[in-house]
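Novice: One structure, pasted below without further comment.
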Amino acid sequence: MPVAFQLLLNLALAFVWMLLISDMTLSGFLVGFLIGLLLMTLMRRFFPQPFYPRKVWACVKLLWLLLKELVVSSFSVIRQIIKPKLTLSPGIFAYETELNPGWELTMLCGLMNLTPGTLLLEVSHDEKTLYIHAMNMQEANDVEKHIRETFEKAIMEVTRS
């Protein structure tokens with residue numbers, strides 16, 4: 001049973017609960033939703049897919065990571081404008097990704113462009129190597145480690161079981 005179906009089933013249980021108790025309010029819906037979640041938790045061993053709250057939590061964490069990177073990159077750019085460092089050594093490096101082509105790779109490219117000091121230049125034909133421009137090549141290893149441990153990990157939690 002796909003994760004989306006589990007969520008729809010939980011919503012349907014919440015609406016059935018509202019109809020059974022004749023309470024068409026937000027509180028009636030929330031009680032029904034929680035009861036449905038409890039019932040589905042008790043019966044989750046019958047679902048072949050992972051239980052859907054894990055995927056919802058992974059999506060929330062990815063959204064939080066996106067917002068955090070937006071704030072960090074904004075302050076980094078402001079800092080560079082106010083106090084420019086002229087000791088930078090820009091360059092281009094190749095980054096090997098473990099993500100699948102398509103949605104995963106697109107999400108990584110978008111998140112990577114938000115990282116301060118990096119910009120995606122090109123994706124290889126096999127879509128496994130990304131060519132990234134870094135403002136400071138001395139920090140290229142740190143940037144690569146940051147991308148792998150934060151962005152790729154969060155994207156895999158959302159898209160893979």
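Residue names in the structure tokens use chain letters A, B, ... in the order shown, residue numbers from 1 in each chain, and ligand numbers from 1 in the order shown.
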List the spatial neighbours of Asn136 (chain A) as a compact mmCIF listing (two decimals) with all heavy atoms, in the first residue's frame - criterion: any atom at most 9 Å away, only C-alpha atoms, same-chain residues fewer than 2 positions off excluded.
Specialist:
```
# COMPACT_ATOMS: atom_id res chain seq x y z
N THR A 87 40.88 37.32 -0.73
CA THR A 87 41.82 36.21 -0.74
C THR A 87 41.17 34.92 -1.24
O THR A 87 41.70 33.84 -1.00
CB THR A 87 42.39 35.98 0.67
OG1 THR A 87 41.29 35.68 1.54
CG2 THR A 87 43.14 37.19 1.16
N LEU A 88 40.07 35.04 -1.93
CA LEU A 88 39.37 33.85 -2.42
C LEU A 88 40.10 33.28 -3.63
O LEU A 88 40.71 34.01 -4.42
CB LEU A 88 37.94 34.20 -2.82
CG LEU A 88 37.03 34.73 -1.71
CD1 LEU A 88 35.68 35.09 -2.28
CD2 LEU A 88 36.87 33.69 -0.62
N SER A 89 40.01 31.96 -3.77
CA SER A 89 40.57 31.30 -4.96
C SER A 89 39.47 30.45 -5.59
O SER A 89 39.29 29.30 -5.24
CB SER A 89 41.77 30.45 -4.59
OG SER A 89 41.39 29.47 -3.64
N PRO A 90 38.69 31.04 -6.51
CA PRO A 90 37.58 30.31 -7.10
C PRO A 90 38.05 29.20 -8.02
O PRO A 90 39.18 29.22 -8.52
CB PRO A 90 36.83 31.39 -7.89
CG PRO A 90 37.83 32.45 -8.14
CD PRO A 90 38.81 32.39 -7.02
N GLY A 91 37.17 28.21 -8.22
CA GLY A 91 37.50 27.11 -9.10
C GLY A 91 36.31 26.20 -9.31
O GLY A 91 35.24 26.40 -8.75
N GLY A 117 28.48 30.23 -1.78
CA GLY A 117 29.75 30.04 -2.45
C GLY A 117 29.76 28.94 -3.50
O GLY A 117 30.82 28.63 -4.04
N THR A 118 28.63 28.30 -3.78
CA THR A 118 28.60 27.25 -4.80
C THR A 118 27.54 27.54 -5.85
O THR A 118 26.52 28.18 -5.56
CB THR A 118 28.30 25.86 -4.19
OG1 THR A 118 27.02 25.90 -3.56
CG2 THR A 118 29.36 25.46 -3.20
N HIS A 133 30.92 25.21 -9.33
CA HIS A 133 31.84 26.34 -9.15
C HIS A 133 31.82 26.71 -7.68
O HIS A 133 30.76 26.90 -7.08
CB HIS A 133 31.39 27.54 -9.99
CG HIS A 133 32.27 28.73 -9.81
ND1 HIS A 133 32.06 29.66 -8.82
CD2 HIS A 133 33.37 29.13 -10.49
CE1 HIS A 133 32.99 30.58 -8.90
NE2 HIS A 133 33.80 30.29 -9.91
N ALA A 134 33.00 26.79 -7.09
CA ALA A 134 33.13 27.18 -5.69
C ALA A 134 33.88 28.51 -5.61
O ALA A 134 34.83 28.73 -6.35
CB ALA A 134 33.88 26.12 -4.91
N GLN A 138 39.75 26.16 -1.45
CA GLN A 138 40.28 25.56 -0.23
C GLN A 138 39.15 24.92 0.59
O GLN A 138 39.39 24.02 1.38
CB GLN A 138 41.00 26.60 0.65
CG GLN A 138 42.36 26.99 0.14
CD GLN A 138 42.32 28.31 -0.61
OE1 GLN A 138 41.33 29.01 -0.59
NE2 GLN A 138 43.41 28.62 -1.29
N GLU A 139 37.93 25.38 0.39
CA GLU A 139 36.78 24.84 1.11
C GLU A 139 36.00 23.82 0.29
O GLU A 139 34.92 23.39 0.69
CB GLU A 139 35.84 25.98 1.52
CG GLU A 139 36.49 26.99 2.44
CD GLU A 139 35.60 28.20 2.69
OE1 GLU A 139 34.49 28.27 2.12
OE2 GLU A 139 36.01 29.06 3.47
N ALA A 140 36.50 23.39 -0.85
CA ALA A 140 35.77 22.47 -1.74
C ALA A 140 35.48 21.14 -1.05
O ALA A 140 34.38 20.59 -1.19
CB ALA A 140 36.54 22.25 -3.03
```
Novice: Identify, on the basis of only C-alpha atoms, every residue whose closest approach to Met40 (chain A) does not exceed 8 Å; exclude the query and any residue fewer than 4 positions from it along the same chain; express the result as a PyMOL selection string.
Specialist: chain A and resi 10+36+44
Novice: Those residues with N, CA, C and O atoms, as an mmCIF file, in the first residue's frame please?
Specialist:
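Result went into selection11.cif, see below:
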```
data_model
loop_
_atom_site.group_PDB
_atom_site.id
_atom_site.type_symbol
_atom_site.label_atom_id
_atom_site.label_comp_id
_atom_site.auth_asym_id
_atom_site.auth_seq_id
_atom_site.Cartn_x
_atom_site.Cartn_y
_atom_site.Cartn_z
ATOM 1 N N ASN A 10 -6.242 7.460 6.180
ATOM 2 C CA ASN A 10 -6.357 8.144 7.461
ATOM 3 C C ASN A 10 -7.329 9.314 7.371
ATOM 4 O O ASN A 10 -8.129 9.545 8.273
ATOM 5 N N GLY A 36 -7.892 7.544 13.701
ATOM 6 C CA GLY A 36 -7.465 6.829 12.503
ATOM 7 C C GLY A 36 -5.984 6.517 12.532
ATOM 8 O O GLY A 36 -5.556 5.423 12.143
ATOM 9 N N ARG A 44 -0.306 -1.504 11.384
ATOM 10 C CA ARG A 44 0.728 -1.169 10.410
ATOM 11 C C ARG A 44 1.519 -2.377 9.919
ATOM 12 O O ARG A 44 2.134 -2.322 8.873
#
```
Novice: What gap, in Å, lies between CA of Met135 (chain A) and CA of Pro116 (chain A)?
Specialist: 8.5 Å
Novice: Give me the residues within 9 Å of Ala154 (chain A) as an MDAnalysis selection string, counting only C-alpha atoms and dropping any in the same chain fewer than 3 places off.
Specialist: chainID A and resid 58:59 61:62 65 149:151 157:159
Novice: If you keep N, CA and C atoms, can you produce a file of those selected residues as a PDB file, in the first residue's frame?
Specialist:
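Everything below was put into part.pdb:
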```
ATOM      1  N   ALA A  58      10.076  13.174   7.262  1.00  0.00           N
ATOM      2  CA  ALA A  58      11.233  13.403   6.385  1.00  0.00           C
ATOM      3  C   ALA A  58      10.995  14.620   5.488  1.00  0.00           C
ATOM      4  N   CYS A  59       9.764  14.811   5.010  1.00  0.00           N
ATOM      5  CA  CYS A  59       9.441  15.996   4.193  1.00  0.00           C
ATOM      6  C   CYS A  59       9.558  17.274   5.012  1.00  0.00           C
ATOM      7  N   LYS A  61      11.524  17.695   7.611  1.00  0.00           N
ATOM      8  CA  LYS A  61      12.955  17.937   7.826  1.00  0.00           C
ATOM      9  C   LYS A  61      13.619  18.521   6.587  1.00  0.00           C
ATOM     10  N   LEU A  62      13.234  18.048   5.397  1.00  0.00           N
ATOM     11  CA  LEU A  62      13.794  18.591   4.158  1.00  0.00           C
ATOM     12  C   LEU A  62      13.382  20.044   3.973  1.00  0.00           C
ATOM     13  N   LEU A  65      15.432  22.108   6.326  1.00  0.00           N
ATOM     14  CA  LEU A  65      16.792  22.246   5.798  1.00  0.00           C
ATOM     15  C   LEU A  65      16.832  23.309   4.707  1.00  0.00           C
ATOM     16  N   GLU A 149      26.353  14.975   3.342  1.00  0.00           N
ATOM     17  CA  GLU A 149      25.805  14.642   4.660  1.00  0.00           C
ATOM     18  C   GLU A 149      24.483  15.335   4.967  1.00  0.00           C
ATOM     19  N   THR A 150      24.179  16.427   4.287  1.00  0.00           N
ATOM     20  CA  THR A 150      22.922  17.102   4.582  1.00  0.00           C
ATOM     21  C   THR A 150      21.915  16.938   3.451  1.00  0.00           C
ATOM     22  N   PHE A 151      22.237  17.455   2.284  1.00  0.00           N
ATOM     23  CA  PHE A 151      21.273  17.474   1.189  1.00  0.00           C
ATOM     24  C   PHE A 151      20.948  16.070   0.681  1.00  0.00           C
ATOM     25  N   GLU A 157      15.978  10.299   2.352  1.00  0.00           N
ATOM     26  CA  GLU A 157      14.968   9.972   3.355  1.00  0.00           C
ATOM     27  C   GLU A 157      13.562  10.198   2.819  1.00  0.00           C
ATOM     28  N   VAL A 158      13.404  11.224   1.996  1.00  0.00           N
ATOM     29  CA  VAL A 158      12.081  11.522   1.464  1.00  0.00           C
ATOM     30  C   VAL A 158      11.720  10.582   0.319  1.00  0.00           C
ATOM     31  N   THR A 159      12.656  10.311  -0.565  1.00  0.00           N
ATOM     32  CA  THR A 159      12.310   9.600  -1.796  1.00  0.00           C
ATOM     33  C   THR A 159      12.481   8.094  -1.728  1.00  0.00           C
TER      34      THR A 159
END
```
Novice: Run DSSP on the backbone of this structure and report the residues of region 3-133 of chain A it assigns to strand (DSSP E or B), as a PyMOL selection string.
Specialist: chain A and resi 91-96+118-123+129-133
Novice: Check the smallest atom-to-atom distance from each of A:His125, A:Val72, A:Trp57, A:Gln6 to Met43 (chain A) using only C-alpha atoms, then report the winner.
Specialist: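 Using only C-alpha atoms, Met43 (chain A) sits closest to A:Gln6.
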Novice: Looking at only C-alpha atoms, which of A:Leu130, A:Leu37, A:Met156, A:Ile81 is the one that sits closest to Ala14 (chain A)?
Specialist: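 Counting only C-alpha atoms, the residue closest to Ala14 (chain A) is A:Leu37.
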Novice: Would you please work out which residue, of A:Phe15, A:Phe93, A:Phe46, A:Phe51, is nearest to Leu34 (chain A) when using only C-alpha atoms?
Specialist: A:Phe15
Novice: Neighbours of Met18 (chain A) within 9 Å (only C-alpha atoms; same-chain residues fewer than 4 positions away dropped), as a count of residues only?
Specialist: 10
Novice: Using only C-alpha atoms, pick whichever of A:Leu19, A:Leu11, A:Ile82, A:Leu70 has the shortest atom-to-atom distance to Asn113 (chain A).
Specialist: A:Leu70
